Amino acid sequence: MTAADRAPVRVGVFGLLGSGNLGNDGSLEAVLGYLRAEHPEAVVDALCGGPEAVTTRFGIPATRLHWYSGEYRTASRAGAIAAKGLGKLVDVFRTAAWVRRHDVVIVPGMGVLEATLPLRPWGFPYSLFLLCASGRLLRSRVALVSVGAATIGNRPTRALVRWSARLATYRSYRDAQSRDAMRAMGVDTARDEVYPDLAFALPTPRSPELSASPPAFGREGPPEQGGTPSAPSDPSAPPGPVCVGVMDFHGGNDDRARADEIHRRYLDGTIRFVRALVEEGRAVRLLTGDRCDASVVAAILDAVDSPLVTAAEPSSLADLMKEMAAADTVVAIRYHNLICALKTATPVLALCYAAKSDALMAEMGLGAYCHPAREVDADRLLEQFRALEKRSAELRQTLTERNLAAARRLEHQFNSLTAALFPAADHAQTSRKAP
């Protein structure tokens with residue numbers, strides 16, 4: 001049978017995509033780039049949180065993840081509670097019917113095996129379990145690709161996450177501690193690999209001042225050996241802008257009892273930090289990573305009434321990277337805000353709310369520049385910020401080198417994914433050698 005005679009591979013992508021989280025959508029963009037470059041014949045669609053947004057932006061058909069449209073609203077009345085319960089039952093059959101139509105289903109990145117932010121077992125963990133169980137029963141290959149994981153204390157959530165991972169055909173993690181966490185929760189990870197976050201495969205915005213690492217997919221020829229993004233050449237020139245990435249942060253699953261206190265402490269510390277920068281004459285650009293972060297931006301703008309403080313409305317990781325490429329320094333809390341800064345080789349100070357952020361910063365050579373998001377101390381943050389800026393040129397060089405290494409690792413990831421998920425006759429024609 002020739003390649004022209006074979007039916008096209010049917011590929012589904014699954015997750016909380018198109019729901020306003022820029023990091024999740026960036027992971028989807030990376031996987032779609034890989035599919036279009038390596039498997040252009042594949043027929044792709046999505047089962048996701050925001051189908052209209054996914055179709056509009058990425059041009060693929062999409063189906064709503066949940067039958068009940070009020071899935072993410074708190075159900076307090078009897079009718080809403082009954083509808084949500086019925087929706088869980090209906091979703092068993094909807095998910096199975098969707099999976100059955102596909103040869104391969106990819107869960108692109110995201111922290112789908114963790115509960116570092118508030119999460120109920122009957123929410124996304126239940127949906128992921130339905131996906132993986134349906135894949136195993138219906139013999140559709142399910143791949144968890146460069147996902148995040150963390151040890152989970154809540155028993156129902158832990159059980160659903162553990163069984164989801166066990167039932168998947170392919171697993172890879174975005175850091176070693178994610179793999180260790182799944183091993184600790186009873187998953188055999190002997191064949192599982194660790195690769196960089198999928199967002200490192202996205203193209204980096206270029207400017208005369210920025211020479212970025214190449215994307216990990218769809219590249220022609222060898223990797224470009226781009227130079228280091230240049231720091232200001234005139235030491236007497238005024239310092240440039242600072243990007244501050246914010247988050248509507250209330251702690252994680254285990255912090256529900258003190259969520260308001262954590263949020264207040266994070267917000268107060270961030271406001272004090274921004275005010276101190278403004279008093280020094282620094283321009284500050286506020287950035288979000290999810291639509292829910294807008295309330296934090298508004299609170300900071302209200303508290304620090306200065307023309308030096310402005311806010312952007314990024315709609316993609318590319319928008320975030322453009323903002324960060326124009327900055328001298330970045331201070332950020334969201335995981336994918338950190339990645340955007342790192343990809344543009346902009347020195348970044350991380351407000352860490354989970355171990356994944358500490359691991360990412362250490363991997364990229366900035367482990368000394370982490371600050372606890374639950375205990376923001378503006379004075380200490382300023383001290384770390386100044387120390388970071390003193391090493392700006394050196395750190396830009398380090399980041400450029402490590403970005404290139406991350407792109408090469410993801411090249412290997414996509415080759416491995418092709419070998420694991422796609423028919424042998426297909427990947428024999430399209431497989432590439434990793435650098």
# chains A, B, ... in the order shown; residues from 1 in each chain; ligands from 1

$ select_by_dssp --residues "range 137-337 of chain A" --states "alpha helix (DSSP H)" --output "VMD selection string"
chain A and resid 137 to 138 155 to 167 176 to 184 259 to 279 294 to 303 317 to 325 335 to 337

$ residues_around --residues "Asn21 in chain A" --least-positions-apart "5" --cutoff "8 Å" --atoms "only C-alpha atoms" --output "JSON list (two decimals) with N, CA and C atoms, in the first residue's frame"
[["chain", "number", "residue", "atom", "x", "y", "z"],
["A", 289, "GLY", "N", -1.01, 36.41, 32.35],
["A", 289, "GLY", "CA", -0.86, 35.14, 31.66],
["A", 289, "GLY", "C", -2.17, 34.41, 31.53],
["A", 290, "ASP", "N", -3.21, 34.98, 32.14],
["A", 290, "ASP", "CA", -4.56, 34.40, 32.11],
["A", 290, "ASP", "C", -5.53, 35.55, 32.29],
["A", 291, "ARG", "N", -6.71, 35.40, 31.73],
["A", 291, "ARG", "CA", -7.67, 36.52, 31.80],
["A", 291, "ARG", "C", -8.06, 36.85, 33.24]]

$ select_by_dssp --residues "range 23-231 of chain A" --states "strand (DSSP E or B)" --output "MDAnalysis selection string"
chainID A and resid 43:48 62:64 104:108 113 141:147 149 170:173 193:194 207 210

$ residues_around --residues "Asp302 in chain A" --least-positions-apart "5" --cutoff "10 Å" --atoms "only C-alpha atoms" --output "MDAnalysis selection string"
chainID A and resid 271 296:297

$ write_last_selection --atoms "N, CA and C atoms" --output "CSV table (one decimal), in the first residue's frame"
chain,number,residue,atom,x,y,z
A,271,ILE,N,2.9,45.3,45.0
A,271,ILE,CA,2.6,46.8,45.0
A,271,ILE,C,3.8,47.6,45.5
A,296,VAL,N,-5.6,41.8,39.4
A,296,VAL,CA,-4.4,42.2,40.0
A,296,VAL,C,-3.8,43.4,39.3
A,297,VAL,N,-3.8,43.4,38.0
A,297,VAL,CA,-3.3,44.6,37.3
A,297,VAL,C,-4.1,45.8,37.7

$ closest_atom_pairs --of "range 354-420 of chain A" --to "range 90-111 of chain A" --cutoff "12 Å" --atoms "only C-alpha atoms" --output "JSON lines"
{"residue": "A:Ala354", "atom": "CA", "partner": "A:Gly111", "partner_atom": "CA", "distance": 11.2}
{"residue": "A:Lys356", "atom": "CA", "partner": "A:Gly111", "partner_atom": "CA", "distance": 9.6}
{"residue": "A:Ser357", "atom": "CA", "partner": "A:Gly111", "partner_atom": "CA", "distance": 11.9}
{"residue": "A:Phe414", "atom": "CA", "partner": "A:Pro108", "partner_atom": "CA", "distance": 11.8}
{"residue": "A:Leu417", "atom": "CA", "partner": "A:Ile106", "partner_atom": "CA", "distance": 9.9}
{"residue": "A:Thr418", "atom": "CA", "partner": "A:Val104", "partner_atom": "CA", "distance": 10.7}
{"residue": "A:Ala420", "atom": "CA", "partner": "A:Val104", "partner_atom": "CA", "distance": 10.3}

$ closest_atom_pairs --of "range 111-194 of chain A" --to "range 59-70 of chain A" --cutoff "12 Å" --atoms "only C-alpha atoms" --output "CSV"
residue,atom,partner,partner_atom,distance
A:Trp122,CA,A:His66,CA,11.8
A:Gly123,CA,A:His66,CA,9.8
A:Phe124,CA,A:Leu65,CA,9.6
A:Tyr126,CA,A:His66,CA,11.0
A:Ser127,CA,A:Leu65,CA,8.1
A:Leu128,CA,A:Leu65,CA,10.3
A:Leu130,CA,A:Leu65,CA,11.2
A:Leu131,CA,A:Leu65,CA,10.5
